[in-house]
2 protein chains.
Amino acid sequence: MASEKPYLAVTCTAPVNIAVIKYWGKRDEELILPINSSLSVTLHQDQLKTTTTAVISKDFTEDRIWLNGREEDIGQPRIQACLREIRRLARKRRSGDEEDPLPLSLNYKVHVASVNNFPTAAGLASSASGYACLAYALARVYGVESDLSEVARRGSGSACRSLYGGFVEWQMGEQADGKDSVARQVAPESHWPELRVLILVVSAEKKLTGSTVGMQTSVETSPLLRFRAEAVVPARMAEMIRYVKERNFQGFGELTMKDSNQFHATCLDTFPPISYLNDTSRRIIHLVHRFNAHHGQTKARFLKGLPVKPGRLSDELKAALGMDPTPGSIKYIIATQVGPGPQILDHPHAHLLGPDGLPKPTV
Amino acid sequence: MASEKPYLAVTCTAPVNIAVIKYWGKRDEELILPINSSLSVTLHQDQLKTTTTAVISKDFTEDRIWLNGREEDIGQPRIQACLREIRRLARKRRSGDEEDPLPLSLNYKVHVASVNNFPTAAGLASSASGYACLAYALARVYGVESDLSEVARRGSGSACRSLYGGFVEWQMGEQADGKDSVARQVAPESHWPELRVLILVVSAEKKLTGSTVGMQTSVETSPLLRFRAEAVVPARMAEMIRYVKERNFQGFGELTMKDSNQFHATCLDTFPPISYLNDTSRRIIHLVHRFNAHHGQTKARFLKGLPVKPGRLSDELKAALGMDPTPGSIKYIIATQVGPGPQILDHPHAHLLGPDGLPKPTV
């Protein structure tokens, strides 16, 4: 019977998500509560995912964590917040539930190992998939079955959107304690399978300003950001949800571009100004608009990408684009699609940690 | 007596101005009425100026205009609007004034020649100095002494700010006919003589989107622009005027940077997005902030420029800037200061047009 089991290992995977209505700005730095709701597309894990193994054992003397093979400081506030949250939820659940299905002591220490199947330098939201995966794995080993939005959110705001597949809304909520600041699925990945997402990595350099500090400065200094959060985003959320439900690519694509532009605009309105676009990204944006104008409709939408047409471009289109190729300006392209939420990997080989609770040599 | 004179030639110069509270967006395309007030610094004509000669003669059979030596189409709507306005004001004045000081017939055709002492490609507001100079020259030959804001404005909105020296406010006005949308001097150039302006030309390429079309698209598509015009600029105008009067460089510089950033932000919020900054401009902005942070105060302000320190930079400062030089990224630098308004050149040699009303061979 499980109650004798002194050791439990769980391995799962979680996806990256890309926001089409952007999250930028917190109303509570500690609880990570946003100043506006946001909406994202969960990307397929065939291309981008985090894999995390969590092991609890009576033999462990301390909590430990390894990221991409290297041990990291478990004391990091955000990791600690996730651990605290999950243990609180587990305790809460036990107290409310007599026959305890997971008798392992909450006092057992945990070992965590996490790897990404994509370069973190790519500027892709590895913290979203990372903390979603951490929350999901911890929930399994500690026997938590309630909504994990809060756990993931405490690690990284947008991580709560990686807890579900398809199209996911992060409702900002109103309560001071953040209990109503949760993620919910708007539509499953099966709803719009033909949707494609192309990610063009134009720079592998680390961002000059990280998003945590960037958001903070924006909230403090940008008059436009507050207006955006209060007066623009609510209507855009409703509009975007409608487009998703109707599978209206024209509306979906255009609003995605507009909201991405407005996010970058509020960064520029920040003091000192923040810019996450470079000349190459701007050329790509321009190219997408030329491309769509040529076709008389939104065929491509700008996330971090532009359409790669299979085969050769027509001379007519080339002329319409009216731009010279700039070899080398795009580091690499990731072509992906809408995907599912976190997955459990049952096969023991999947574990990143061995029975001794240490990273397997292969990692 | 003047009344026999069949020919009258006037030559004058007008300055370029750089806005520290930006003008972006019209509420009336025809009358060129702005959606918000703006404030500018008139730059010294030793570095940047337009020179214009206007000649009226009973012998001319048609209005004609030469820009930088090449004859242009006098039928251009904005040039026509200026001519119409000036003749209307002149007629109005005569009717109100019995002993006519300038008896030359309003029906005399005019020949105009205009040259800039700076490359128009530099992206400097040549239309501002150009139309201010045109309005000023036409007023002289047709004997108009009233406020020329409307005449210059009909040519190019910001041109009305080039009618005065020093620090100039363009009040947006409220009337539908634009009669109260006028420029006025906030402080003369003598008020803050030590102020320096550095213009760094980072690209000589023509802007992808001209300001006329750009503004129009922004007004139509940017939610942030309307908010800026209505809720942000009024307070900034009052604040900036106070800084100018107090010669508060700290406040003046910081607000100038913020408003420049916000203008660029509304461009990015436009659909399709407009960007007038490239990687080099952004590096310069970043450099200015690093420079100021190093000195613990705003020593440099961002217009299109950054400070050029005489002599060598201290190693300490170089370290603080933490940026590698990028040779060739700045095309050239114009170092200038606050300057006076339009000037009359009395010397006949100054005329760009000969007695025959045609450009002098030297031009």
# chains A, B, ... in the order shown; residues from 1 in each chain; ligands from 1
call {"tool": "residues_around", "arguments": {"residues": "Asn36 in chain B", "least_positions_apart": "6", "cutoff": "10 Å", "atoms": "only C-alpha atoms", "output": "PyMOL selection string"}}
result
chain B and resi 21-27+170-173+226+228-234+237
call {"tool": "closest_atom_pairs", "arguments": {"of": "chain A", "to": "chain B", "cutoff": "8 Å", "atoms": "only C-alpha atoms", "output": "tab-separated table"}}
result
residue	atom	partner	partner_atom	distance
A:Pro223	CA	B:Val232	CA	7.6
A:Leu224	CA	B:Leu224	CA	6.5
A:Phe227	CA	B:Phe227	CA	7.7
A:Arg228	CA	B:Leu224	CA	7.4
A:Val232	CA	B:Pro223	CA	7.6
A:Lys258	CA	B:Phe271	CA	6.7
A:Asn261	CA	B:Asp269	CA	5.4
A:Gln262	CA	B:Asp269	CA	4.8
A:His264	CA	B:Leu268	CA	7.2
A:Ala265	CA	B:Ala265	CA	4.2
A:Thr266	CA	B:Ala265	CA	6.5
A:Cys267	CA	B:Ala265	CA	7.9
A:Leu268	CA	B:Ala265	CA	5.5
A:Asp269	CA	B:Gln262	CA	4.8
A:Thr270	CA	B:Asn261	CA	7.8
A:Phe271	CA	B:Lys258	CA	6.7
A:Pro272	CA	B:His289	CA	7.0
A:Pro273	CA	B:Asn261	CA	6.9
A:Ser275	CA	B:Arg282	CA	7.9
A:Asn278	CA	B:Asp279	CA	6.0
A:Asp279	CA	B:Asp279	CA	5.9
A:Arg282	CA	B:Ser275	CA	7.9
A:His289	CA	B:Pro272	CA	7.1
call {"tool": "residues_around", "arguments": {"residues": "Lys207 in chain A", "least_positions_apart": "2", "cutoff": "8 Å", "atoms": "only C-alpha atoms", "output": "MDAnalysis selection string"}}
result
chainID A and resid 123 205 209:210 276
call {"tool": "select_by_dssp", "arguments": {"residues": "range 177-280 of chain B", "states": "strand (DSSP E)", "output": "number ranges by chain"}}
result
B: 183-187, 196-201
call {"tool": "residues_around", "arguments": {"residues": "Pro188 in chain B", "least_positions_apart": "3", "cutoff": "7 Å", "atoms": "only C-alpha atoms", "output": "number ranges by chain"}}
result
B: 165-167, 185, 191
call {"tool": "write_last_selection", "arguments": {"atoms": "C-alpha atoms", "output": "CSV table (one decimal), in the first residue's frame"}}
result
chain,number,residue,atom,x,y,z
B,165,GLY,CA,12.9,83.1,-31.7
B,166,GLY,CA,13.6,81.5,-28.3
B,167,PHE,CA,11.0,79.2,-26.8
B,185,GLN,CA,6.8,83.3,-27.7
B,191,HIS,CA,16.5,84.1,-21.7
call {"tool": "residues_around", "arguments": {"residues": "Ala9 in chain B", "least_positions_apart": "5", "cutoff": "7 Å", "atoms": "only C-alpha atoms", "output": "VMD selection string"}}
result
chain B and resid 53 to 56 141
call {"tool": "write_last_selection", "arguments": {"atoms": "C-alpha atoms", "output": "CSV table (one decimal), in the first residue's frame"}}
result
chain,number,residue,atom,x,y,z
B,53,THR,CA,13.3,85.9,-51.7
B,54,ALA,CA,9.8,87.1,-52.7
B,55,VAL,CA,9.4,89.5,-55.6
B,56,ILE,CA,6.2,91.0,-56.9
B,141,VAL,CA,6.0,92.2,-50.1
call {"tool": "residues_around", "arguments": {"residues": "Pro348 in chain A", "least_positions_apart": "3", "cutoff": "10 Å", "atoms": "only C-alpha atoms", "output": "list in words"}}
result
Ala9, Val10, Thr11, Leu345, His351, Leu352, Leu353 and Gly354 of chain A
